[in-house]
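Q: Dropping a structure here in structure tokens format, bear with me for questions.
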Amino acid sequence: MLVWAFLVLLIGGAAVIASYVLKLGNSGISYFNHPMWLGLPNPAINWLVLFQVFAAIGFLTSAITWVFWGGPSGGFLSKPVILELVLFGFFVGAITWPFARTSILSALSLIITAVFSILLLSGSASETNPRWWVVLGWTLLCATTVLGDSVTWISRLCAVGMPR
């Protein structure tokens, strides 16, 4: 077991969940009706939430595999310091978004999360013997962090602006 990776993932994951609960969960508004959806129609929200669930499953599958059955073997993420930096960047972007007060900071936090998600996916694919379920897990994460969050949400942000 990679103890340091377990701690990074445990603390980072808990911090992401806590940041969303603090910002979105304490608003008294249903997650599906929250203003941070920027007026997207409910069917689109329902699909994006479904992909968020897939992303969480993918993240957990890949992260648990790396922690308990060995981290990346070969490729750029096989160097612990690189993997730590990539995980740190991912978590910083994900934790920052709920608290961003301006359009620029919101967009930047989503872009940071997307870039580091892509690095997790590309790092898993560049392993000496890529494990298909790890690549699939990071792909599911990227479907949400890159397309659902960065592309869809930032496009909507440009169209309607930040909620007050």
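Simple scheme: letters A, B, ... for chains in structure tokens order, numbers from 1 for residues in each chain, numbers from 1 for ligands in the order shown.
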For Pro130 of chain A, find every residue with an atom within 10 Å (counting only C-alpha atoms), except residues of its own chain fewer than 4 positions away, and show them as a PyMOL selection string.
A: chain A and resi 72-75+123-126+134-135
Q: Write the residues you've just listed into a file as an mmCIF file, in the first residue's frame, and include C-alpha atoms for each of them.
A:
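Here's the written file selection-v9.cif:
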data_model
loop_
_atom_site.group_PDB
_atom_site.id
_atom_site.type_symbol
_atom_site.label_atom_id
_atom_site.label_comp_id
_atom_site.auth_asym_id
_atom_site.auth_seq_id
_atom_site.Cartn_x
_atom_site.Cartn_y
_atom_site.Cartn_z
ATOM 1 C CA PRO A 72 1.704 4.010 -11.789
ATOM 2 C CA SER A 73 4.436 1.733 -13.152
ATOM 3 C CA GLY A 74 6.386 3.550 -15.788
ATOM 4 C CA GLY A 75 5.385 6.806 -17.374
ATOM 5 C CA GLY A 123 -0.222 9.274 -16.792
ATOM 6 C CA SER A 124 -2.298 6.127 -16.395
ATOM 7 C CA ALA A 125 -2.240 5.495 -20.153
ATOM 8 C CA SER A 126 1.543 5.956 -20.269
ATOM 9 C CA VAL A 134 -7.589 2.737 -14.179
ATOM 10 C CA VAL A 135 -7.584 4.357 -17.632
#
Q: At a cut-off of 12 Å, can you tabulate as a tab-separated table every residue of segment 51-154 of chain A near segment 14-18 of chain A together with its closest atom pair and the distance in Å to one decimal, using only C-alpha atoms and ordering rows by chain then number?
A:
residue	atom	partner	partner_atom	distance
A:Ala56	CA	A:Ile17	CA	10.9
A:Phe88	CA	A:Ala15	CA	11.5
A:Phe90	CA	A:Val16	CA	10.0
A:Phe91	CA	A:Val16	CA	6.9
A:Val92	CA	A:Val16	CA	8.7
A:Gly93	CA	A:Val16	CA	9.4
A:Ala94	CA	A:Val16	CA	6.2
A:Ile95	CA	A:Val16	CA	5.0
A:Thr96	CA	A:Val16	CA	8.7
A:Trp97	CA	A:Val16	CA	9.6
A:Pro98	CA	A:Val16	CA	9.3
A:Phe99	CA	A:Val16	CA	11.4
A:Thr113	CA	A:Val16	CA	11.5
Q: Please, what distance in Å, to one decimal, runs between atom CA of Ile112 of chain A and atom CA of Gly28 of chain A?
A: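 Answer for the atom CA of Ile112 of chain A to atom CA of Gly28 of chain A separation: 28.5 Å.
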Q: With the cut-off set at 10 Å and counting only C-alpha atoms, tabulate each residue of segment 88-141 of chain A with an atom at most that distance from an atom of segment 62-69 of chain A, showing the nearest atom pair and its distance in Å to one decimal, ordered by chain and increasing number, as CSV.
A:
residue,atom,partner,partner_atom,distance
A:Leu120,CA,A:Ser62,CA,9.5
A:Leu121,CA,A:Ser62,CA,9.7
A:Ser124,CA,A:Ser62,CA,8.9
A:Arg131,CA,A:Ser62,CA,9.3
A:Trp132,CA,A:Ser62,CA,9.8
A:Trp133,CA,A:Ser62,CA,7.1
A:Val134,CA,A:Ser62,CA,4.5
A:Val135,CA,A:Ser62,CA,7.6
A:Leu136,CA,A:Ser62,CA,8.2
A:Gly137,CA,A:Ser62,CA,5.4
A:Trp138,CA,A:Ser62,CA,6.6
A:Thr139,CA,A:Ser62,CA,9.9
A:Leu141,CA,A:Ser62,CA,9.7
Q: Just checking: using only C-alpha atoms, which residue out of A:Val3, A:Val160, A:Leu22, A:Leu9 ends up closest to Pro35 of chain A?
A: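 Once distances to Pro35 of chain A are computed over only C-alpha atoms, the minimum belongs to A:Val160.
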Q: Can you tell me, as a VMD selection string, what residues are no more than 9 Å from Ser103 of chain A when counting only C-alpha atoms, ignoring any on the same chain fewer than 4 positions away?
A: chain A and resid 107 to 108 154 157 to 158 161 to 162
Q: If I take atom CA of Ser117 of chain A and atom CA of Leu77 of chain A, how far is one from the other in Å, to one decimal?
A: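 Between atom CA of Ser117 of chain A and atom CA of Leu77 of chain A the gap works out to 12.5 Å.
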Q: Name the residues of chain A that fall into alpha helix (DSSP H) according to DSSP on the backbone, using the chain letters and numbers of this document, as a PyMOL selection string.
A: chain A and resi 3-23+42-69+80-96+103-125+132-142+154-160
Q: When you count only C-alpha atoms, which of these residues is closest to Asp149 of chain A: A:Thr61, A:Ile45, A:Phe6, A:Lys79?
A: A:Ile45
Q: So how many Å separate atom CA of Arg156 of chain A and atom CA of Thr144 of chain A, to one decimal?
A: 15.0 Å
Q: Counting only C-alpha atoms, figure out which residue out of A:Met36, A:Leu24, A:Ala5, A:Ala143 gets nearest to Pro163 of chain A.
A: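 The shortest atom-to-atom distance to Pro163 of chain A comes from A:Met36.
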